[in-house]
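Q: Structure: coords_37.csv, CSV, C-alpha atoms and all ligand atoms.
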chain,number,residue,atom,x,y,z
A,807,MET,CA,-16.3,47.1,23.5
A,808,LYS,CA,-17.8,49.6,21.1
A,809,ILE,CA,-20.1,49.3,18.2
A,810,ARG,CA,-19.4,51.3,15.0
A,811,PRO,CA,-20.1,51.1,11.3
A,812,ALA,CA,-17.9,48.5,9.6
A,813,HIS,CA,-15.5,49.7,7.0
A,814,PRO,CA,-13.7,48.1,4.0
A,815,GLU,CA,-10.5,48.1,6.2
A,816,ASP,CA,-12.3,45.5,8.5
A,817,ALA,CA,-12.6,43.1,5.6
A,818,ALA,CA,-10.3,40.4,6.9
A,819,ALA,CA,-12.1,40.1,10.3
A,820,VAL,CA,-15.5,40.4,8.7
A,821,ALA,CA,-14.6,37.6,6.2
A,822,ASP,CA,-13.3,35.4,9.0
A,823,LEU,CA,-16.5,35.9,11.0
A,824,ALA,CA,-18.7,35.4,7.9
A,825,THR,CA,-16.9,32.1,7.4
A,826,GLN,CA,-17.6,31.1,11.1
A,827,LEU,CA,-21.3,31.9,10.4
A,828,GLY,CA,-21.2,29.3,7.6
A,829,TYR,CA,-20.7,31.5,4.6
A,830,PRO,CA,-17.1,31.1,3.4
A,831,THR,CA,-15.9,34.5,2.4
A,832,THR,CA,-12.5,35.8,1.3
A,833,PRO,CA,-11.1,39.1,2.6
A,834,GLU,CA,-11.2,40.4,-1.0
A,835,GLN,CA,-14.9,39.5,-1.4
A,836,ALA,CA,-15.7,41.1,2.0
A,837,GLU,CA,-13.9,44.3,1.0
A,838,THR,CA,-15.7,44.6,-2.3
A,839,ARG,CA,-19.1,44.0,-0.6
A,840,LEU,CA,-18.4,46.4,2.2
A,841,ARG,CA,-17.4,49.1,-0.3
A,842,ASP,CA,-20.6,48.5,-2.3
A,843,LEU,CA,-22.7,48.6,0.9
A,844,GLU,CA,-21.2,51.9,2.0
A,845,THR,CA,-23.1,53.4,-1.0
A,846,ARG,CA,-26.5,51.9,0.0
A,847,PRO,CA,-28.4,53.9,2.7
A,848,GLU,CA,-31.0,51.1,3.2
A,849,SER,CA,-28.4,48.9,4.9
A,850,ALA,CA,-26.0,49.1,7.7
A,851,VAL,CA,-23.1,46.8,8.7
A,852,LEU,CA,-22.2,47.4,12.3
A,853,ALA,CA,-19.0,46.0,13.9
A,854,ALA,CA,-18.3,45.2,17.6
A,855,GLU,CA,-14.7,46.3,18.3
A,856,GLU,CA,-12.7,45.3,21.3
A,857,ASN,CA,-9.0,46.3,21.8
A,858,GLY,CA,-8.8,47.3,18.2
A,859,ALA,CA,-10.2,44.0,16.9
A,860,VAL,CA,-13.5,43.3,15.2
A,861,ILE,CA,-15.1,40.5,17.2
A,862,GLY,CA,-18.6,40.5,15.8
A,863,TRP,CA,-20.8,42.2,13.2
A,864,ILE,CA,-24.4,42.5,12.3
A,865,GLN,CA,-26.1,43.6,9.0
A,866,VAL,CA,-29.5,45.2,9.1
A,867,VAL,CA,-31.5,46.1,5.9
A,868,GLY,CA,-34.7,47.9,5.2
A,869,ALA,CA,-37.3,46.1,3.2
A,870,HIS,CA,-40.1,47.8,1.3
A,871,ARG,CA,-42.7,45.4,0.1
A,872,VAL,CA,-46.2,45.7,-1.5
A,873,ASP,CA,-47.7,43.1,0.9
A,874,SER,CA,-46.5,44.5,4.2
A,875,GLU,CA,-45.5,47.7,6.0
A,876,PRO,CA,-41.8,48.5,5.6
A,877,TYR,CA,-39.7,46.5,8.0
A,878,ALA,CA,-36.0,46.1,9.0
A,879,GLU,CA,-34.4,42.7,8.8
A,880,ILE,CA,-31.3,41.4,10.4
A,881,ALA,CA,-29.6,39.9,7.4
A,882,ALA,CA,-26.6,38.4,9.3
A,883,LEU,CA,-25.2,38.3,12.8
A,884,VAL,CA,-22.1,36.7,14.2
A,885,VAL,CA,-19.9,36.9,17.2
A,886,ASP,CA,-16.4,35.4,17.3
A,887,VAL,CA,-16.6,31.9,18.8
A,888,ALA,CA,-14.1,33.0,21.5
A,889,HIS,CA,-16.3,35.9,22.7
A,890,ARG,CA,-19.8,34.3,22.6
A,891,GLY,CA,-22.0,34.3,25.7
A,892,GLY,CA,-20.7,37.7,26.9
A,893,GLY,CA,-23.6,39.9,25.8
A,894,ILE,CA,-22.0,41.2,22.5
A,895,GLY,CA,-24.7,39.6,20.3
A,896,ALA,CA,-27.4,41.3,22.4
A,897,GLU,CA,-25.7,44.6,22.0
A,898,LEU,CA,-25.4,44.2,18.3
A,899,VAL,CA,-29.1,43.5,18.0
A,900,ALA,CA,-29.8,46.6,20.2
A,901,ALA,CA,-27.7,48.6,17.7
A,902,ALA,CA,-29.6,47.2,14.8
A,903,ASP,CA,-32.9,48.0,16.5
A,904,ASP,CA,-31.6,51.6,17.1
A,905,TRP,CA,-30.8,51.9,13.3
A,906,ALA,CA,-34.3,50.6,12.5
A,907,VAL,CA,-36.0,53.1,14.8
A,908,ARG,CA,-33.9,56.0,13.4
A,909,HIS,CA,-34.8,55.0,9.8
A,910,GLY,CA,-38.5,54.8,10.6
A,911,PHE,CA,-39.1,51.0,10.7
A,912,ARG,CA,-41.5,49.7,13.2
A,913,THR,CA,-40.7,46.0,12.9
A,914,LEU,CA,-37.4,44.1,13.1
A,915,ARG,CA,-37.3,40.6,11.7
A,916,VAL,CA,-34.7,37.9,11.4
A,917,ARG,CA,-34.7,34.6,9.6
A,918,SER,CA,-32.7,31.9,11.3
A,919,ASN,CA,-31.8,28.4,10.1
A,920,VAL,CA,-33.9,25.7,11.8
A,921,VAL,CA,-30.7,24.0,13.0
A,922,ARG,CA,-29.6,27.0,15.1
A,923,GLU,CA,-31.7,26.1,18.2
A,924,ARG,CA,-29.5,28.0,20.7
A,925,THR,CA,-29.7,31.1,18.5
A,926,HIS,CA,-33.5,30.8,18.5
A,927,ALA,CA,-33.4,30.9,22.3
A,928,PHE,CA,-31.2,34.0,22.0
A,929,TYR,CA,-33.7,35.8,19.8
A,930,GLU,CA,-36.7,34.8,22.0
A,931,ARG,CA,-34.9,36.2,25.1
A,932,LEU,CA,-34.6,39.5,23.2
A,933,GLY,CA,-38.3,39.6,22.6
A,934,PHE,CA,-38.6,38.2,19.1
A,935,ALA,CA,-41.5,35.8,18.5
A,936,ARG,CA,-41.6,33.0,16.0
A,937,THR,CA,-44.0,33.9,13.2
A,938,LYS,CA,-43.6,31.2,10.6
A,939,SER,CA,-41.2,28.6,9.1
A,940,GLN,CA,-40.2,28.8,5.4
A,941,VAL,CA,-38.4,26.9,2.7
A,942,ILE,CA,-36.0,29.1,0.8
A,943,PHE,CA,-35.4,28.4,-2.9
A,944,ALA,CA,-32.7,29.9,-5.1
A,945,ARG,CA,-31.3,29.6,-8.6
A,946,SER,CA,-29.0,31.5,-10.9
A,947,THR,CA,-30.7,34.2,-12.9
A,948,ALA,CA,-31.5,33.3,-16.5
A,949,ARG,CA,-29.3,36.0,-18.0
A,950,PRO,CA,-26.3,37.1,-16.0
A,951,ALA,CA,-25.9,40.9,-15.9
A,952,GLY,CA,-23.7,42.3,-18.6
A,953,ARG,CA,-24.3,39.6,-21.2
B,1001,LIG,C1,-26.1,33.9,18.2
B,1001,LIG,C2,-24.9,34.8,18.5
B,1001,LIG,C3,-24.7,36.0,17.5
B,1001,LIG,C4,-25.1,35.4,19.9
B,1001,LIG,O1,-24.0,36.2,20.3
B,1001,LIG,P1,-23.5,36.2,21.8
B,1001,LIG,O2,-22.6,37.3,22.0
B,1001,LIG,O3,-23.0,34.8,22.0
B,1001,LIG,O4,-24.9,36.4,22.6
B,1001,LIG,P2,-25.2,36.9,24.0
B,1001,LIG,O5,-23.9,36.7,24.9
B,1001,LIG,O6,-25.8,38.2,24.0
B,1001,LIG,O7,-26.3,35.9,24.5
B,1001,LIG,C5,-25.9,34.5,24.7
B,1001,LIG,C6,-27.0,33.6,24.2
B,1001,LIG,O8,-26.8,33.5,22.8
B,1001,LIG,C7,-27.2,32.1,22.4
B,1001,LIG,N1,-26.1,31.4,21.7
B,1001,LIG,C8,-26.2,30.8,20.5
B,1001,LIG,N2,-25.1,30.2,20.2
B,1001,LIG,C9,-24.2,30.4,21.1
B,1001,LIG,C10,-22.9,30.0,21.3
B,1001,LIG,N3,-22.2,29.3,20.4
B,1001,LIG,N4,-22.3,30.4,22.5
B,1001,LIG,C11,-22.9,31.1,23.4
B,1001,LIG,N5,-24.2,31.5,23.2
B,1001,LIG,C12,-24.8,31.2,22.1
B,1001,LIG,C13,-27.7,31.4,23.6
B,1001,LIG,O9,-29.1,31.7,23.7
B,1001,LIG,C14,-26.9,32.2,24.7
B,1001,LIG,O10,-27.6,32.1,25.9
B,1001,LIG,P3,-27.2,30.9,26.9
B,1001,LIG,O11,-25.7,31.0,27.2
B,1001,LIG,O12,-28.1,31.1,28.1
B,1001,LIG,O13,-27.5,29.6,26.2
B,1001,LIG,C15,-23.5,34.0,18.6
B,1001,LIG,O14,-23.6,33.0,19.5
B,1001,LIG,C16,-23.1,33.5,17.2
B,1001,LIG,O15,-22.4,34.1,16.5
B,1001,LIG,N6,-23.6,32.2,16.9
B,1001,LIG,C17,-23.3,31.5,15.7
B,1001,LIG,C18,-23.9,32.2,14.5
B,1001,LIG,C19,-25.4,32.5,14.6
B,1001,LIG,O16,-26.2,31.6,15.0
B,1001,LIG,N7,-25.8,33.7,14.1
B,1001,LIG,C20,-27.2,34.1,14.0
B,1001,LIG,C21,-27.7,33.7,12.7
B,1001,LIG,S1,-29.5,34.1,12.5
Can the structure in the file be given as structure tokens, please?
A:
Amino acid sequence: MKIRPAHPEDAAAVADLATQLGYPTTPEQAETRLRDLETRPESAVLAAEENGAVIGWIQVVGAHRVDSEPYAEIAALVVDVAHRGGGIGAELVAAADDWAVRHGFRTLRVRSNVVRERTHAFYERLGFARTKSQVIFARSTARPAGR
């Protein structure tokens, strides 16, 4: 198994895994987003590849806020259901941590849905501590771009 940057050519596998994570994504959507992300230095999408197949991926992003020191955040993490429990998730987190260190971030955060109790144990084993619980709100923007 090796960990490397994800490319638009990985879109089909990345989309399948995003869908496993609970965010239904088509290969076309994944390809468009991976192409866009390649131009953004404050984000990395790293893929776990085994025997030529992408079996997991993680996205880490840098956050610059007025109210805190800059930090890196795991925006998404998923390992293929057939490969879970073999240490790949921990290696992807280690790769994200390495990216954060190389980009000067001193804190790595992750937000995880309250229902993912097994995943919470995974993060705690890797040294993450619970800081708070939040309610996340969202809406469409008032004026879509381009109108
Ligand atoms: C969480 C996840 C990325 C961990 O990857 P992994 O390769 O299975 O992790 P590791 O092998 O390094 O560590 C195994 C630990 O992960 C956790 N885990 C969470 N869900 C798991 C699952 N479905 N199968 C196996 N382990 C799981 C457990 O703590 C497990 O330890 P345990 O076997 O002692 O219970 C992976 O299980 C996954 O994709 N889960 C579904 C999506 C998800 O929750 N993503 C994180 C969103 S914040």
Q: Considering all atoms listed in the file, state which residue in the set A:Arg924, A:Ala944, A:Thr937, A:Arg810 is at the smallest distance from ligand LIG 1001 (chain B).
A: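 Checking each candidate against ligand LIG 1001 (chain B), we get A:Arg924 as the closest.
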Q: Which residues are near ligand LIG 1001 (chain B) - at most 12 Å, using all atoms listed in the file? Format: as an MDAnalysis selection string.
A: chainID A and resid 807 822:829 854 861:866 879:900 915:932 934
Q: Would you mind reading off the distance between CA of Pro876 in chain A and CA of Thr913 in chain A, one decimal, in Å?
A: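 A separation of 7.8 Å between them.
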Q: What's around Arg846 in chain A at 12 Å? Count all atoms listed in the file, leave out sequence neighbours fewer than 6 positions away in its own chain, and write the answer as a list of chain:residue names.
A: A:Arg839, A:Leu840, A:Val866, A:Val867, A:Gly868
Q: Can you measure CA of Asp842 in chain A to CA of Ala869 in chain A for me? One decimal in Å is fine.
A: 17.7 Å
Q: Using only C-alpha atoms for the distances, tell me which of A:Lys808, A:Arg908, A:Arg841, A:His870 is nearest to Glu856 in chain A.
A: A:Lys808
Q: With all atoms listed in the file as the atoms that count, which of A:Ala817, A:Ala878, A:Ala935, A:Ile809 lies nearest to Val907 in chain A?
A: A:Ala878
Q: Which is closer to Val851 in chain A than all the others in A:Ala819, A:Val872, A:Ala812, A:Leu914, using all atoms listed in the file?
A: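 For Val851 in chain A, the nearest of the candidates is A:Ala812.
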Q: Given the choices A:Asp904, A:Thr838, A:Arg871, A:Pro833, which gets closest to Ala850 in chain A if the distance is worked out from all atoms listed in the file?
A: A:Asp904
Q: What does the distance from CA of Glu848 in chain A to CA of Val941 in chain A come to in Å, to one decimal?
A: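 Result for CA of Glu848 in chain A versus CA of Val941 in chain A: 25.3 Å, one decimal.
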